[in-house]
Structure formats: C-alpha cells, structure tokens
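Chemist: The file below is final-v3.cif, mmCIF, C-alpha atoms and all ligand atoms; chains and numbers go by the auth columns:
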data_query
loop_
_atom_site.group_PDB
_atom_site.id
_atom_site.type_symbol
_atom_site.label_atom_id
_atom_site.label_comp_id
_atom_site.label_asym_id
_atom_site.label_seq_id
_atom_site.Cartn_x
_atom_site.Cartn_y
_atom_site.Cartn_z
_atom_site.B_iso_or_equiv
_atom_site.auth_seq_id
_atom_site.auth_asym_id
ATOM 1 C CA MET A 1 6.784 54.615 -13.897 0.00 279 A
ATOM 2 C CA PRO A 2 3.400 56.329 -13.844 0.00 280 A
ATOM 3 C CA CYS A 3 1.228 55.234 -11.002 0.00 281 A
ATOM 4 C CA SER A 4 -1.473 53.662 -13.227 0.00 282 A
ATOM 5 C CA ARG A 5 1.110 51.486 -15.051 0.00 283 A
ATOM 6 C CA LEU A 6 2.609 50.395 -11.739 0.00 284 A
ATOM 7 C CA VAL A 7 -0.821 49.333 -10.481 0.00 285 A
ATOM 8 C CA ALA A 8 -1.513 47.480 -13.728 0.00 286 A
ATOM 9 C CA SER A 9 1.837 45.645 -13.546 0.00 287 A
ATOM 10 C CA LEU A 10 1.218 44.680 -9.949 0.00 288 A
ATOM 11 C CA ALA A 11 -2.246 43.375 -10.811 0.00 289 A
ATOM 12 C CA LEU A 12 -0.838 41.317 -13.681 0.00 290 A
ATOM 13 C CA ALA A 13 1.958 39.934 -11.489 0.00 291 A
ATOM 14 C CA THR A 14 -0.545 39.028 -8.791 0.00 292 A
ATOM 15 C CA PHE A 15 -2.725 37.259 -11.346 0.00 293 A
ATOM 16 C CA MET A 16 0.223 35.353 -12.784 0.00 294 A
ATOM 17 C CA PHE A 17 1.939 34.344 -9.558 0.00 295 A
ATOM 18 C CA CYS A 18 -0.923 33.869 -7.154 0.00 296 A
ATOM 19 C CA PRO A 19 -2.766 30.765 -8.361 0.00 297 A
ATOM 20 C CA THR A 20 -5.514 31.042 -5.727 0.00 298 A
ATOM 21 C CA LEU A 21 -7.033 33.914 -7.712 0.00 299 A
ATOM 22 C CA HIS A 22 -7.700 31.879 -10.817 0.00 300 A
ATOM 23 C CA ALA A 23 -7.532 28.234 -9.685 0.00 301 A
ATOM 24 C CA GLU A 24 -10.739 26.227 -9.713 0.00 302 A
ATOM 25 C CA ALA A 25 -12.557 26.440 -6.395 0.00 303 A
ATOM 26 C CA PRO A 26 -11.805 23.419 -4.168 0.00 304 A
ATOM 27 C CA ARG A 27 -14.473 20.747 -4.378 0.00 305 A
ATOM 28 C CA ASP A 28 -15.794 19.633 -1.006 0.00 306 A
ATOM 29 C CA GLY A 29 -18.097 16.774 -0.281 0.00 307 A
ATOM 30 C CA ASP A 30 -18.112 13.363 -1.872 0.00 308 A
ATOM 31 C CA GLY A 31 -14.749 12.079 -2.883 0.00 309 A
ATOM 32 C CA PHE A 32 -12.726 15.166 -1.916 0.00 310 A
ATOM 33 C CA VAL A 33 -11.086 16.380 1.275 0.00 311 A
ATOM 34 C CA PRO A 34 -12.749 19.623 2.529 0.00 312 A
ATOM 35 C CA ALA A 35 -10.664 22.578 1.325 0.00 313 A
ATOM 36 C CA ASP A 36 -9.696 23.747 4.830 0.00 314 A
ATOM 37 C CA ALA A 37 -8.631 20.241 5.905 0.00 315 A
ATOM 38 C CA ILE A 38 -6.099 19.572 3.128 0.00 316 A
ATOM 39 C CA PRO A 39 -2.943 18.625 5.057 0.00 317 A
ATOM 40 C CA ASP A 40 -0.350 19.920 2.554 0.00 318 A
ATOM 41 C CA VAL A 41 0.083 23.666 3.020 0.00 319 A
ATOM 42 C CA ASN A 42 0.833 24.394 -0.652 0.00 320 A
ATOM 43 C CA LEU A 43 -2.089 22.372 -1.989 0.00 321 A
ATOM 44 C CA ARG A 44 -4.353 24.031 0.585 0.00 322 A
ATOM 45 C CA ALA A 45 -3.147 27.524 -0.414 0.00 323 A
ATOM 46 C CA GLN A 46 -3.618 26.743 -4.117 0.00 324 A
ATOM 47 C CA GLY A 47 -7.054 25.242 -3.564 0.00 325 A
ATOM 48 C CA THR A 48 -6.001 22.075 -5.380 0.00 326 A
ATOM 49 C CA PRO A 49 -8.745 19.444 -5.037 0.00 327 A
ATOM 50 C CA VAL A 50 -7.423 16.439 -3.074 0.00 328 A
ATOM 51 C CA PRO A 51 -9.300 13.149 -3.501 0.00 329 A
ATOM 52 C CA ARG A 52 -10.460 11.489 -0.310 0.00 330 A
ATOM 53 C CA ILE A 53 -8.904 8.052 0.183 0.00 331 A
ATOM 54 C CA GLY A 54 -10.304 5.122 2.105 0.00 332 A
ATOM 55 C CA ARG A 55 -8.896 4.070 5.436 0.00 333 A
ATOM 56 C CA ALA A 56 -7.337 0.829 4.127 0.00 334 A
ATOM 57 C CA ARG A 57 -5.439 2.695 1.412 0.00 335 A
ATOM 58 C CA GLU A 58 -4.316 5.286 3.931 0.00 336 A
ATOM 59 C CA ASP A 59 -3.144 2.569 6.353 0.00 337 A
ATOM 60 C CA PHE A 60 -1.200 0.956 3.511 0.00 338 A
ATOM 61 C CA ALA A 61 0.280 4.345 2.599 0.00 339 A
ATOM 62 C CA ARG A 62 1.416 5.021 6.162 0.00 340 A
ATOM 63 C CA HIS A 63 2.677 1.553 7.089 0.00 341 A
ATOM 64 C CA CYS A 64 3.674 -0.245 3.909 0.00 342 A
ATOM 65 C CA GLN A 65 4.137 1.755 0.752 0.00 343 A
ATOM 66 C CA GLY A 66 7.503 3.193 1.791 0.00 344 A
ATOM 67 C CA CYS A 67 8.865 -0.263 0.995 0.00 345 A
ATOM 68 C CA HIS A 68 6.225 -1.810 -1.279 0.00 346 A
ATOM 69 C CA GLY A 69 5.398 1.246 -3.424 0.00 347 A
ATOM 70 C CA HIS A 70 1.985 2.887 -3.735 0.00 348 A
ATOM 71 C CA GLU A 71 1.011 0.496 -6.530 0.00 349 A
ATOM 72 C CA GLY A 72 2.464 -2.603 -4.844 0.00 350 A
ATOM 73 C CA VAL A 73 5.530 -2.477 -7.076 0.00 351 A
ATOM 74 C CA SER A 74 8.804 -1.810 -5.334 0.00 352 A
ATOM 75 C CA VAL A 75 12.571 -1.889 -5.658 0.00 353 A
ATOM 76 C CA ALA A 76 13.955 -5.337 -6.461 0.00 354 A
ATOM 77 C CA GLU A 77 14.988 -5.933 -2.836 0.00 355 A
ATOM 78 C CA VAL A 78 11.344 -5.932 -1.658 0.00 356 A
ATOM 79 C CA PRO A 79 8.910 -8.514 -3.059 0.00 357 A
ATOM 80 C CA ARG A 80 6.347 -7.191 -5.510 0.00 358 A
ATOM 81 C CA LEU A 81 2.765 -7.453 -4.241 0.00 359 A
ATOM 82 C CA ARG A 82 1.016 -6.497 -7.498 0.00 360 A
ATOM 83 C CA ASP A 83 -0.176 -9.439 -9.617 0.00 361 A
ATOM 84 C CA ARG A 84 1.400 -11.839 -7.134 0.00 362 A
ATOM 85 C CA VAL A 85 0.369 -11.577 -3.467 0.00 363 A
ATOM 86 C CA GLY A 86 -3.036 -13.177 -4.190 0.00 364 A
ATOM 87 C CA TRP A 87 -1.365 -16.533 -4.921 0.00 365 A
ATOM 88 C CA PHE A 88 -0.560 -16.835 -1.197 0.00 366 A
ATOM 89 C CA ALA A 89 -4.277 -17.048 -0.403 0.00 367 A
ATOM 90 C CA HIS A 90 -4.512 -20.457 -2.110 0.00 368 A
ATOM 91 C CA THR A 91 -3.034 -22.385 0.832 0.00 369 A
ATOM 92 C CA ARG A 92 -3.586 -22.217 4.583 0.00 370 A
ATOM 93 C CA GLU A 93 0.170 -21.712 5.103 0.00 371 A
ATOM 94 C CA GLY A 94 0.319 -18.951 2.514 0.00 372 A
ATOM 95 C CA ARG A 95 -2.614 -17.165 4.055 0.00 373 A
ATOM 96 C CA ALA A 96 -0.965 -17.333 7.481 0.00 374 A
ATOM 97 C CA TYR A 97 2.371 -16.181 6.023 0.00 375 A
ATOM 98 C CA VAL A 98 1.007 -12.860 4.720 0.00 376 A
ATOM 99 C CA VAL A 99 -0.166 -11.996 8.241 0.00 377 A
ATOM 100 C CA GLN A 100 2.964 -13.306 9.974 0.00 378 A
ATOM 101 C CA VAL A 101 5.570 -11.683 7.734 0.00 379 A
ATOM 102 C CA PRO A 102 7.339 -9.393 10.261 0.00 380 A
ATOM 103 C CA ASN A 103 6.350 -5.969 8.912 0.00 381 A
ATOM 104 C CA VAL A 104 2.701 -7.008 8.817 0.00 382 A
ATOM 105 C CA LEU A 105 2.597 -8.830 12.159 0.00 383 A
ATOM 106 C CA GLN A 106 4.258 -5.891 13.931 0.00 384 A
ATOM 107 C CA ALA A 107 2.393 -3.078 12.143 0.00 385 A
ATOM 108 C CA HIS A 108 0.995 -0.527 14.583 0.00 386 A
ATOM 109 C CA LEU A 109 -2.589 -1.273 13.604 0.00 387 A
ATOM 110 C CA PRO A 110 -5.397 -3.021 15.477 0.00 388 A
ATOM 111 C CA ASP A 111 -6.436 -6.442 14.162 0.00 389 A
ATOM 112 C CA ASP A 112 -9.619 -5.254 12.422 0.00 390 A
ATOM 113 C CA ARG A 113 -7.814 -2.495 10.509 0.00 391 A
ATOM 114 C CA LEU A 114 -4.982 -4.834 9.584 0.00 392 A
ATOM 115 C CA ALA A 115 -7.528 -7.367 8.291 0.00 393 A
ATOM 116 C CA ALA A 116 -9.303 -4.674 6.247 0.00 394 A
ATOM 117 C CA MET A 117 -6.020 -3.398 4.847 0.00 395 A
ATOM 118 C CA LEU A 118 -4.854 -6.892 3.870 0.00 396 A
ATOM 119 C CA ASN A 119 -8.181 -7.462 2.106 0.00 397 A
ATOM 120 C CA TRP A 120 -7.666 -4.183 0.260 0.00 398 A
ATOM 121 C CA VAL A 121 -4.104 -5.206 -0.702 0.00 399 A
ATOM 122 C CA MET A 122 -5.289 -8.590 -1.946 0.00 400 A
ATOM 123 C CA THR A 123 -8.232 -7.318 -3.965 0.00 401 A
ATOM 124 C CA SER A 124 -6.709 -4.091 -5.321 0.00 402 A
ATOM 125 C CA PHE A 125 -3.255 -5.376 -6.255 0.00 403 A
ATOM 126 C CA SER A 126 -3.841 -9.010 -7.035 0.00 404 A
ATOM 127 C CA ALA A 127 -7.520 -9.870 -7.610 0.00 405 A
ATOM 128 C CA ALA A 128 -6.693 -12.025 -10.645 0.00 406 A
ATOM 129 C CA GLN A 129 -4.472 -14.336 -8.570 0.00 407 A
ATOM 130 C CA LEU A 130 -6.956 -14.874 -5.712 0.00 408 A
ATOM 131 C CA PRO A 131 -8.824 -18.174 -5.439 0.00 409 A
ATOM 132 C CA ALA A 132 -12.426 -17.928 -6.650 0.00 410 A
ATOM 133 C CA ASP A 133 -13.641 -18.711 -3.127 0.00 411 A
ATOM 134 C CA PHE A 134 -11.331 -16.199 -1.372 0.00 412 A
ATOM 135 C CA GLN A 135 -12.578 -15.539 2.148 0.00 413 A
ATOM 136 C CA PRO A 136 -11.644 -12.060 3.404 0.00 414 A
ATOM 137 C CA PHE A 137 -9.462 -11.838 6.521 0.00 415 A
ATOM 138 C CA ASP A 138 -11.290 -10.810 9.673 0.00 416 A
ATOM 139 C CA ALA A 139 -10.112 -9.514 13.027 0.00 417 A
ATOM 140 C CA ASP A 140 -10.330 -12.912 14.780 0.00 418 A
ATOM 141 C CA GLU A 141 -8.213 -14.718 12.211 0.00 419 A
ATOM 142 C CA VAL A 142 -5.619 -11.916 12.182 0.00 420 A
ATOM 143 C CA ARG A 143 -5.522 -11.805 16.006 0.00 421 A
ATOM 144 C CA GLY A 144 -4.856 -15.551 16.199 0.00 422 A
ATOM 145 C CA LEU A 145 -2.146 -15.509 13.536 0.00 423 A
ATOM 146 C CA ARG A 146 -0.424 -12.486 15.052 0.00 424 A
ATOM 147 C CA THR A 147 0.262 -14.388 18.269 0.00 425 A
ATOM 148 C CA GLN A 148 2.550 -16.805 16.393 0.00 426 A
ATOM 149 C CA ARG A 149 5.880 -15.337 15.335 0.00 427 A
ATOM 150 C CA LEU A 150 7.975 -16.941 12.598 0.00 428 A
ATOM 151 C CA ASP A 151 11.378 -18.298 13.663 0.00 429 A
ATOM 152 C CA SER A 152 12.751 -17.584 10.211 0.00 430 A
ATOM 153 C CA VAL A 153 10.859 -15.602 7.609 0.00 431 A
ATOM 154 C CA VAL A 154 13.332 -16.732 4.939 0.00 432 A
ATOM 155 C CA ARG A 155 12.728 -20.422 5.693 0.00 433 A
ATOM 156 C CA ARG A 156 8.980 -19.968 6.062 0.00 434 A
ATOM 157 C CA ARG A 157 8.691 -18.136 2.751 0.00 435 A
ATOM 158 C CA ALA A 158 10.624 -20.919 1.013 0.00 436 A
ATOM 159 C CA GLU A 159 8.300 -23.561 2.528 0.00 437 A
ATOM 160 C CA VAL A 160 5.189 -21.603 1.570 0.00 438 A
ATOM 161 C CA VAL A 161 6.408 -21.047 -1.998 0.00 439 A
ATOM 162 C CA ASP A 162 7.333 -24.732 -2.252 0.00 440 A
ATOM 163 C CA GLY A 163 3.806 -25.630 -1.071 0.00 441 A
ATOM 164 C CA LEU A 164 2.271 -23.399 -3.758 0.00 442 A
ATOM 165 C CA VAL A 165 4.358 -25.085 -6.458 0.00 443 A
ATOM 166 C CA ARG A 166 3.482 -28.582 -5.162 0.00 444 A
ATOM 167 C CA ALA A 167 -0.221 -27.662 -5.050 0.00 445 A
ATOM 168 C CA GLY A 168 0.006 -26.584 -8.698 0.00 446 A
ATOM 169 C CA VAL A 169 -1.021 -22.986 -7.885 0.00 447 A
ATOM 170 C CA VAL A 170 2.067 -21.669 -9.691 0.00 448 A
ATOM 171 C CA ASP A 171 4.373 -23.424 -12.155 0.00 449 A
ATOM 172 C CA SER A 172 7.629 -22.490 -10.533 0.00 450 A
ATOM 173 C CA ALA A 173 9.137 -20.772 -7.478 0.00 451 A
ATOM 174 C CA ASP A 174 10.554 -18.193 -9.920 0.00 452 A
ATOM 175 C CA VAL A 175 7.142 -16.507 -9.863 0.00 453 A
ATOM 176 C CA PHE A 176 8.063 -15.249 -6.370 0.00 454 A
ATOM 177 C CA ALA A 177 11.675 -14.301 -7.047 0.00 455 A
ATOM 178 C CA PHE A 178 13.117 -11.080 -5.679 0.00 456 A
ATOM 179 C CA SER A 179 16.611 -9.956 -4.813 0.00 457 A
ATOM 180 C CA LEU A 180 16.913 -8.914 -1.177 0.00 458 A
ATOM 181 C CA ALA A 181 20.478 -10.226 -1.190 0.00 459 A
ATOM 182 C CA PRO A 182 22.092 -12.666 -3.603 0.00 460 A
ATOM 183 C CA GLY A 183 21.533 -16.170 -2.286 0.00 461 A
ATOM 184 C CA ARG A 184 19.451 -15.104 0.688 0.00 462 A
ATOM 185 C CA TYR A 185 16.121 -16.026 -0.812 0.00 463 A
HETATM 186 C C1 LIG B . 10.917 -2.009 5.799 0.00 501 B
HETATM 187 C C2 LIG B . 10.341 -2.434 4.520 0.00 501 B
HETATM 188 C C3 LIG B . 8.972 -3.071 4.546 0.00 501 B
HETATM 189 C C4 LIG B . 7.810 -2.568 5.094 0.00 501 B
HETATM 190 C C5 LIG B . 7.596 -1.236 5.823 0.00 501 B
HETATM 191 C C6 LIG B . 6.766 -3.526 4.808 0.00 501 B
HETATM 192 N N1 LIG B . 7.291 -4.589 4.122 0.00 501 B
HETATM 193 FE FE1 LIG B . 6.246 -6.179 3.448 0.00 501 B
HETATM 194 N N2 LIG B . 7.987 -7.095 2.966 0.00 501 B
HETATM 195 C C7 LIG B . 9.255 -6.536 3.018 0.00 501 B
HETATM 196 C C8 LIG B . 10.252 -7.568 2.733 0.00 501 B
HETATM 197 C C9 LIG B . 11.772 -7.371 2.669 0.00 501 B
HETATM 198 C C10 LIG B . 9.537 -8.759 2.550 0.00 501 B
HETATM 199 C C11 LIG B . 10.121 -10.172 2.278 0.00 501 B
HETATM 200 C C12 LIG B . 9.971 -11.001 3.542 0.00 501 B
HETATM 201 C C13 LIG B . 10.859 -10.477 4.641 0.00 501 B
HETATM 202 O O1 LIG B . 12.074 -10.519 4.509 0.00 501 B
HETATM 203 O O2 LIG B . 10.278 -9.968 5.644 0.00 501 B
HETATM 204 C C14 LIG B . 8.113 -8.417 2.673 0.00 501 B
HETATM 205 C C15 LIG B . 7.080 -9.339 2.495 0.00 501 B
HETATM 206 C C16 LIG B . 5.744 -9.002 2.488 0.00 501 B
HETATM 207 C C17 LIG B . 4.676 -9.877 2.114 0.00 501 B
HETATM 208 C C18 LIG B . 4.847 -11.296 1.623 0.00 501 B
HETATM 209 C C19 LIG B . 5.118 -11.252 0.146 0.00 501 B
HETATM 210 C C20 LIG B . 6.246 -12.135 -0.298 0.00 501 B
HETATM 211 O O3 LIG B . 6.391 -12.265 -1.536 0.00 501 B
HETATM 212 O O4 LIG B . 6.993 -12.680 0.535 0.00 501 B
HETATM 213 C C21 LIG B . 3.513 -9.195 2.245 0.00 501 B
HETATM 214 C C22 LIG B . 2.103 -9.688 1.959 0.00 501 B
HETATM 215 C C23 LIG B . 3.862 -7.887 2.727 0.00 501 B
HETATM 216 N N3 LIG B . 5.238 -7.797 2.860 0.00 501 B
HETATM 217 C C24 LIG B . 2.942 -6.906 3.008 0.00 501 B
HETATM 218 C C25 LIG B . 3.272 -5.770 3.732 0.00 501 B
HETATM 219 C C26 LIG B . 2.299 -4.891 4.323 0.00 501 B
HETATM 220 C C27 LIG B . 0.783 -5.048 4.219 0.00 501 B
HETATM 221 C C28 LIG B . 3.008 -3.918 4.977 0.00 501 B
HETATM 222 C C29 LIG B . 2.459 -2.806 5.830 0.00 501 B
HETATM 223 C C30 LIG B . 1.821 -3.229 7.072 0.00 501 B
HETATM 224 C C31 LIG B . 4.419 -4.182 4.761 0.00 501 B
HETATM 225 N N4 LIG B . 4.531 -5.318 4.020 0.00 501 B
HETATM 226 C C32 LIG B . 5.444 -3.376 5.213 0.00 501 B
HETATM 227 C C33 LIG B . 9.518 -5.214 3.301 0.00 501 B
HETATM 228 C C34 LIG B . 8.629 -4.356 3.951 0.00 501 B
#
Can you present the structure in this file as structure tokens?
Modeler:
Amino acid sequence: MPCSRLVASLALATFMFCPTLHAEAPRDGDGFVPADAIPDVNLRAQGTPVPRIGRAREDFARHCQGCHGHEGVSVAEVPRLRDRVGWFAHTREGRAYVVQVPNVLQAHLPDDRLAAMLNWVMTSFSAAQLPADFQPFDADEVRGLRTQRLDSVVRRRAEVVDGLVRAGVVDSADVFAFSLAPGRY
C-alpha cells in the first residue's frame, strides 16, 4: 500500500474509532461534573458530559438504590417507594417507621444527611401522597428516632399500615402490598 494511502486509512480509522477527536467538548460549570473529575474512566476519556447530582440523590444512590431502584421502583421483594412512601408521613407512627426501618436506621450517614435524603425521597418520589402540611425531617428528629430500634419490623409495618387505614389515609392495606416472602408481610 502506498504510503499516502496508508496514512489516509490510519487517519480515517483514528477518526472513526477515537471518539475524543469528534465528541462534543465536555461542559464544565453549572450542572456538570468538571471534565477531569468524571469518575468513570471511559466517560472521562470520551469527554461525555456527566450531570452533577445533589448530595441527597447521591446518598440515596450509594445507600439505597441497590434495593429500591434509582426511581424508587424495585423488584417485588422490596417495597416500592414511588407514589407510596409519602403516605407514611400522615401519622406520627408512620413518620417514625420510615426512619426506624432497619436499612435507614443503620445507614452509614450522619443524622443531618439522613434527614436531607429522606426529605428528598419523600418529595421526589411521592410528593402527591404527602400531607399538605408535611414538615421536613431534621437532624434532631432523626437522631431521636434512631436511638429506638424496632423489635420486629414486620409487626411494626403491619401496625403502621393498619393505623393508616384506620385514619382513612388509604382505603386498604393492599396499597402497601409487596412480596418479600409469601405470608411474611
Ligand atoms: C438490602 C436492601 C435494602 C436497602 C439497601 C435499603 N432498603 Fe429500604 N427496605 C427494604 C425492605 C426489604 C423493606 C421492607 C421492610 C423491611 O423488611 O426492612 C424496606 C423498607 C423501606 C421503607 C419503608 C417502606 C415500606 O413500604 O415499608 C423505606 C422508607 C425505605 N426502606 C427506605 C430506604 C432508604 C432511604 C434506604 C437507604 C438508606 C434503604 N431503604 C435501603 C430493603 C432495603
């Protein structure tokens, strides 16, 4: 192959297979992670713009979404948070339950970040179910509730759901159904 054709082929191959040469330049600043701080090596090499996410969403991603899904919708064995978790905020017991459920109570997060993340969960996944006068969680409330562990999460959940039905917040306990194990919940 003549030298000039070889060079041309190499240039074409480089253009086709090296996306950095023709990808859009990474966008820094507002809303995007700076190009040199993108954690994923491939995205960084390709210059793919990565949106910046807030701390509460990141905390949820690290501590919760493996089970609950990034949109609050999960496998049937884990209760759905989307369009549902806000109902719990209608009673004092329900509000306490969402902090004392084991994976929340034991999350490796300080009280203020846990409070902020729970507020994010409530308002992003389930705003329509929240009471009109919903008071956001704060660090003091979360700290107090975290000192009290549930003897039985299964029993507590049943009591809380029963309380929500009796208070007329939901029509039926079926609203909260999920299938961790047949007959367990
Ligand atoms: C290992 C899987 C797993 C992880 C991780 C997890 N959860 Fe859960 N979550 C569950 C299961 C299962 C339940 C049902 C209650 C129980 O058995 O603990 C639940 C219940 C809940 C509830 C009560 C909803 C209901 O319908 O009973 C809330 C709120 C909740 N989780 C939020 C979170 C948050 C916030 C995090 C992150 C800090 C988190 N969960 C991490 C599996 C998980």
Chemist: How would you write as an mmCIF file with C-alpha atoms, keeping the file's coordinate frame the residues that get within 10 Å of (7.1, -20.2, 4.6) in the file's frame, counting only C-alpha atoms?
Modeler:
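Heads up, here's the output in part-v2.cif:
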data_model
loop_
_atom_site.group_PDB
_atom_site.id
_atom_site.type_symbol
_atom_site.label_atom_id
_atom_site.label_comp_id
_atom_site.auth_asym_id
_atom_site.auth_seq_id
_atom_site.Cartn_x
_atom_site.Cartn_y
_atom_site.Cartn_z
ATOM 1 C CA GLU A 371 0.170 -21.712 5.103
ATOM 2 C CA GLY A 372 0.319 -18.951 2.514
ATOM 3 C CA ALA A 374 -0.965 -17.333 7.481
ATOM 4 C CA TYR A 375 2.371 -16.181 6.023
ATOM 5 C CA VAL A 376 1.007 -12.860 4.720
ATOM 6 C CA GLN A 378 2.964 -13.306 9.974
ATOM 7 C CA VAL A 379 5.570 -11.683 7.734
ATOM 8 C CA LEU A 428 7.975 -16.941 12.598
ATOM 9 C CA SER A 430 12.751 -17.584 10.211
ATOM 10 C CA VAL A 431 10.859 -15.602 7.609
ATOM 11 C CA VAL A 432 13.332 -16.732 4.939
ATOM 12 C CA ARG A 433 12.728 -20.422 5.693
ATOM 13 C CA ARG A 434 8.980 -19.968 6.062
ATOM 14 C CA ARG A 435 8.691 -18.136 2.751
ATOM 15 C CA ALA A 436 10.624 -20.919 1.013
ATOM 16 C CA GLU A 437 8.300 -23.561 2.528
ATOM 17 C CA VAL A 438 5.189 -21.603 1.570
ATOM 18 C CA VAL A 439 6.408 -21.047 -1.998
ATOM 19 C CA ASP A 440 7.333 -24.732 -2.252
ATOM 20 C CA GLY A 441 3.806 -25.630 -1.071
#
Chemist: Rounded to one decimal in Å, what is the spacing between CA of Ile331 in chain A and CA of Ala367 in chain A?
Modeler: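 Distance reported for this atom pair: 25.5 Å.
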Chemist: Could you state which residues are captured by the PyMOL selection byres (((not hetatm)) within 7 of (chain B and resi 501)) in this file, as a list of chain:residue names?
Modeler: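 On this input, the PyMOL selection byres (((not hetatm)) within 7 of (chain B and resi 501)) captures A:Phe338, A:His341, A:Cys342, A:Gln343, A:Gly344, A:Cys345, A:His346, A:Glu355, A:Val356, A:Pro357, A:Arg358, A:Leu359, A:Val363, A:Val376, A:Val379, A:Pro380, A:Asn381, A:Val382, A:Ala385, A:Leu396, A:Val399, A:Val431, A:Val432, A:Arg435, A:Phe454, A:Leu458.
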Chemist: Enclose all atoms of range 416-430 of chain A listed in the file in an axis-aligned box, grow every side by 3 Å, and hand back centre and edge lengths in Å to one decimal, as AutoDock Vina command-line options.
Modeler:
--center_x 0.7 --center_y -13.9 --center_z 14.0 --size_x 30.0 --size_y 14.8 --size_z 14.6
Chemist: Quick check on the file I pasted: which residues fall under the PyMOL selection byres (((chain A and resi 426) around 10) and not hetatm)? Write them as a ChimeraX atom specification.
Modeler: /A:374,377-378,383,421-425,427-429
Chemist: Run the PyMOL selection byres (((chain A and resi 315) around 12) and not hetatm) against the file shown and list the residues it catches, as a PyMOL selection string.
Modeler: chain A and resi 304-307+310-314+316-319+321-323+325-330
Chemist: So which one's closest to Pro409 in chain A, A:Val447, A:Ala394, A:Val351, A:Val453? Using all atoms listed in the file, please.
Modeler: A:Val447
Chemist: Write out as a PDB file with C-alpha atoms, keeping the file's coordinate frame which residues come within 8 Å of Ala334 in chain A when counting only C-alpha atoms, dropping same-chain ones fewer than 2 positions away.
Modeler:
ATOM      1  CA  GLY A 332     -10.304   5.122   2.105  1.00  0.00           C
ATOM      2  CA  GLU A 336      -4.316   5.286   3.931  1.00  0.00           C
ATOM      3  CA  ASP A 337      -3.144   2.569   6.353  1.00  0.00           C
ATOM      4  CA  PHE A 338      -1.200   0.956   3.511  1.00  0.00           C
ATOM      5  CA  ARG A 391      -7.814  -2.495  10.509  1.00  0.00           C
ATOM      6  CA  ALA A 394      -9.303  -4.674   6.247  1.00  0.00           C
ATOM      7  CA  MET A 395      -6.020  -3.398   4.847  1.00  0.00           C
ATOM      8  CA  TRP A 398      -7.666  -4.183   0.260  1.00  0.00           C
TER       9      TRP A 398
END
